[in-house]
Amino acid sequence: MRVLVTGAAGFIGSALTERLAARGDRVLGIDNLVPYYDPALKEARLARVAQAAGDAFAFRHCDFADLDALSATVEGEDFDRIVHLGAQPGVRYSLENPHAYVRANVMGHLNLLELARARRTEHMVYASSSSVYGGNDKVPFSVEDRVDHPYSLYAATKKSDELMSETYAHLYRLPQTGLRFFTVYGPWGRPDMMPWIFTGKILNGEPIPVFNHGEMSRDFTYIDDIVTGIVACLDAPPKDDGSAKPGGSVAPHALYNIGNNRPERLMDVITILEEACGRKAELEMLPMQQGDVPRTYADIDALARDHGYAPTTPAAEGFPRFVDWYREYHGLH
């Protein structure tokens, strides 16, 4: 296949691109390398992918929220399917810069939908988020649950993406799969996320910020498991047969949770990181951050049933792998 991947310099996008190229697909990757975090990390990911993928990978610097720029970038390029992972991420930053989220996540998503419609794309897989569940008390979180009470603008933009995708599936019969990601981590991960922040501070002997006084749990999902799930979905577009899909659509639009189905207590993960780093953490106990939620827990039954999804990497293995990579990346021995 020829696949267009947005956010190709990102954590998940670069890992997916490498996997697709390794199995023989050709990937056109686009990313605007926005400096939300250090673009040097994004450049390093791209260099790694280019070395591994060779001629199977082509990269274009492009802001897909700019319709003219996107149109010019893909002119003359052929692709069968789209994986739309590019977005402005982060719950906390959405409190500081809300306009960045509406531009990238709402306008950007609309531009990709229009591109897919115009090209009659076979299938578009796109990134949603576990954040859409807000403070859902029912666990595990199911795609059949109501998600009308987001706790952050980031979550609201991701819910908006799902609604727009449902509209395009209904009006234009555009096959789509939305994936609600649950706390993805692993080598080459994002510097604004807990594993990176905690590892760096533990190794430097600095206090780590522990929100909600440690009473938090997350369905941490290792990057390799996430990529396996994305590829399985990409290969099997939802059928336009009038049947109800996960999430309730009778159009060719399916929604899935993609997580580990095993929440980990934050304090237990800190213990794993301490052991991997070889030193105790200094804890700074803090109240709950605005916009955050106390727990996430993915019901992955639908993804397991429809696509054979079965995550295999427990936290006790995944986090030490991340610490090993972090040391190597920063030249720490």
# chains A, B, ... in the order shown; residues from 1 in each chain; ligands from 1
>>> residues_around(residues="A:Arg26", least_positions_apart="2", cutoff="7 Å", atoms="only C-alpha atoms", output="ChimeraX atom specification")
/A:1-3,21,24,28,56-57
>>> residues_around(residues="stretch 97-111 of chain A", least_positions_apart="4", cutoff="9 Å", atoms="only C-alpha atoms", output="list in words")
Asp63, Phe64, Ala65, Asp66, Leu67, Leu70, His84, Gly86, Ala87, Gln88, Pro89, Tyr93, Leu115, Ala116, Tyr126, Leu153, Tyr154, Thr157, Lys158, Ser160, Asp161, Met164 and Ser165 of chain A
>>> closest_atom_pairs(of="stretch 59-99 of chain A", to="stretch 287-300 of chain A", cutoff="10 Å", atoms="only C-alpha atoms", output="Markdown table")
| residue | atom | partner | partner_atom | distance |
| --- | --- | --- | --- | --- |
| A:Val91 | CA | A:Gly291 | CA | 6.6 |
| A:Arg92 | CA | A:Gly291 | CA | 6.8 |
| A:Tyr93 | CA | A:Gly291 | CA | 9.9 |
| A:Ser94 | CA | A:Gly291 | CA | 8.9 |
| A:Leu95 | CA | A:Gly291 | CA | 8.0 |
>>> write_last_selection(atoms="N, CA, C and O atoms", output="CSV table (one decimal), in the first residue's frame")
chain,number,residue,atom,x,y,z
A,91,VAL,N,-3.1,17.7,27.5
A,91,VAL,CA,-4.3,18.2,28.2
A,91,VAL,C,-3.9,19.6,28.8
A,91,VAL,O,-4.7,20.6,28.7
A,92,ARG,N,-2.8,19.7,29.5
A,92,ARG,CA,-2.5,20.9,30.3
A,92,ARG,C,-2.2,22.1,29.4
A,92,ARG,O,-2.6,23.2,29.7
A,93,TYR,N,-1.5,21.9,28.3
A,93,TYR,CA,-1.2,23.0,27.4
A,93,TYR,C,-2.5,23.6,26.8
A,93,TYR,O,-2.5,24.8,26.4
A,94,SER,N,-3.6,22.8,26.7
A,94,SER,CA,-4.8,23.3,26.1
A,94,SER,C,-5.4,24.4,27.0
A,94,SER,O,-6.3,25.1,26.5
A,95,LEU,N,-5.0,24.4,28.3
A,95,LEU,CA,-5.5,25.5,29.1
A,95,LEU,C,-4.8,26.8,28.8
A,95,LEU,O,-5.3,27.9,29.0
>>> closest_residue(among="A:Gln176, A:Tyr329, A:Gly229, A:Val139", to="A:Glu162", atoms="only C-alpha atoms")
A:Gln176
>>> select_by_dssp(residues="stretch 112-234 of chain A", states="strand (DSSP E or B)", output="list in words")
His123, Met124, Val125, Tyr126, Ala127, Ser128, Ser129, Phe141, Gln176, Thr177, Gly178, Leu179, Arg180, Phe181, Val184, Tyr185, Pro207, Ile208, Pro209, Val210, Ser217, Arg218, Thr221 and Tyr222 of chain A
>>> closest_residue(among="A:Asp80, A:Asp148, A:Glu166, A:Asp224", to="A:Ile12", atoms="only C-alpha atoms")
A:Asp224
>>> residues_around(residues="A:Arg60", least_positions_apart="4", cutoff="8 Å", atoms="only C-alpha atoms", output="count of residues only")
5
>>> residues_around(residues="A:Met194", least_positions_apart="5", cutoff="10 Å", atoms="only C-alpha atoms", output="MDAnalysis selection string")
chainID A and resid 183 185 189 199:200 208:210 266 270
>>> closest_atom_pairs(of="stretch 173-206 of chain A", to="stretch 319-326 of chain A", cutoff="8 Å", atoms="only C-alpha atoms", output="tab-separated table")
residue	atom	partner	partner_atom	distance
A:Tyr185	CA	A:Phe322	CA	7.9
A:Gly186	CA	A:Phe322	CA	5.0
A:Pro187	CA	A:Phe322	CA	4.9
A:Trp188	CA	A:Trp325	CA	7.7
A:Pro195	CA	A:Phe319	CA	7.6
A:Trp196	CA	A:Tyr326	CA	7.7
A:Thr199	CA	A:Val323	CA	6.7
>>> select_by_dssp(residues="stretch 171-224 of chain A", states="helix (DSSP H, G or I)", output="list in words")
Leu171, Tyr172, Met194, Pro195, Trp196, Ile197, Phe198, Thr199, Gly200, Lys201, Ile202, Leu203, Asn204, Phe211, Asn212, His213, Gly214, Ile223 and Asp224 of chain A
>>> residues_around(residues="A:Leu41", least_positions_apart="2", cutoff="10 Å", atoms="only C-alpha atoms", output="ChimeraX atom specification")
/A:9-11,33,37-39,43-47,188-191,329
>>> write_last_selection(atoms="N, CA and C atoms", output="compact mmCIF listing (two decimals), in the first residue's frame")
# COMPACT_ATOMS: atom_id res chain seq x y z
N ALA A 9 6.59 12.79 12.23
CA ALA A 9 7.75 13.03 13.09
C ALA A 9 7.40 12.85 14.56
N GLY A 10 6.15 12.54 14.84
CA GLY A 10 5.70 12.36 16.21
C GLY A 10 6.06 10.98 16.76
N PHE A 11 5.76 10.78 18.02
CA PHE A 11 6.08 9.54 18.71
C PHE A 11 5.42 8.34 18.03
N LEU A 33 6.45 20.00 12.32
CA LEU A 33 7.55 20.12 13.27
C LEU A 33 7.34 21.30 14.23
N TYR A 37 7.31 20.80 21.66
CA TYR A 37 8.50 20.33 22.37
C TYR A 37 9.66 20.35 21.38
N ASP A 38 10.86 20.08 21.85
CA ASP A 38 12.09 20.26 21.08
C ASP A 38 12.01 19.59 19.70
N PRO A 39 12.02 20.38 18.62
CA PRO A 39 11.99 19.79 17.27
C PRO A 39 13.18 18.88 16.98
N GLU A 43 13.26 15.62 14.61
CA GLU A 43 14.24 15.43 13.53
C GLU A 43 14.99 14.11 13.72
N ALA A 44 15.31 13.78 14.96
CA ALA A 44 16.01 12.52 15.24
C ALA A 44 15.13 11.32 14.91
N ARG A 45 13.85 11.42 15.21
CA ARG A 45 12.93 10.33 14.84
C ARG A 45 12.89 10.17 13.32
N LEU A 46 12.77 11.29 12.60
CA LEU A 46 12.72 11.23 11.14
C LEU A 46 13.99 10.62 10.57
N ALA A 47 15.12 10.97 11.15
CA ALA A 47 16.39 10.41 10.67
C ALA A 47 16.43 8.91 10.88
N TRP A 188 11.51 6.80 22.40
CA TRP A 188 11.21 7.91 21.49
C TRP A 188 9.93 8.64 21.85
N GLY A 189 9.48 8.47 23.11
CA GLY A 189 8.25 9.11 23.56
C GLY A 189 8.37 10.62 23.72
N ARG A 190 7.28 11.24 24.15
CA ARG A 190 7.20 12.70 24.22
C ARG A 190 7.77 13.25 25.53
N PRO A 191 8.52 14.36 25.45
CA PRO A 191 9.12 14.94 26.65
C PRO A 191 8.12 15.56 27.62
N TYR A 329 19.77 7.89 24.65
CA TYR A 329 19.48 9.10 23.88
C TYR A 329 20.22 10.31 24.44
>>> residues_around(residues="A:Ala232", least_positions_apart="3", cutoff="10 Å", atoms="only C-alpha atoms", output="list in words")
Val227, Thr228, Gly229, Asp235, Ala236, Pro237, Leu303, Asp306, His307, Gly308 and Tyr309 of chain A
>>> atom_distance(atom1="atom CA of A:Glu18", atom2="atom CA of A:Cys233")
16.6 Å
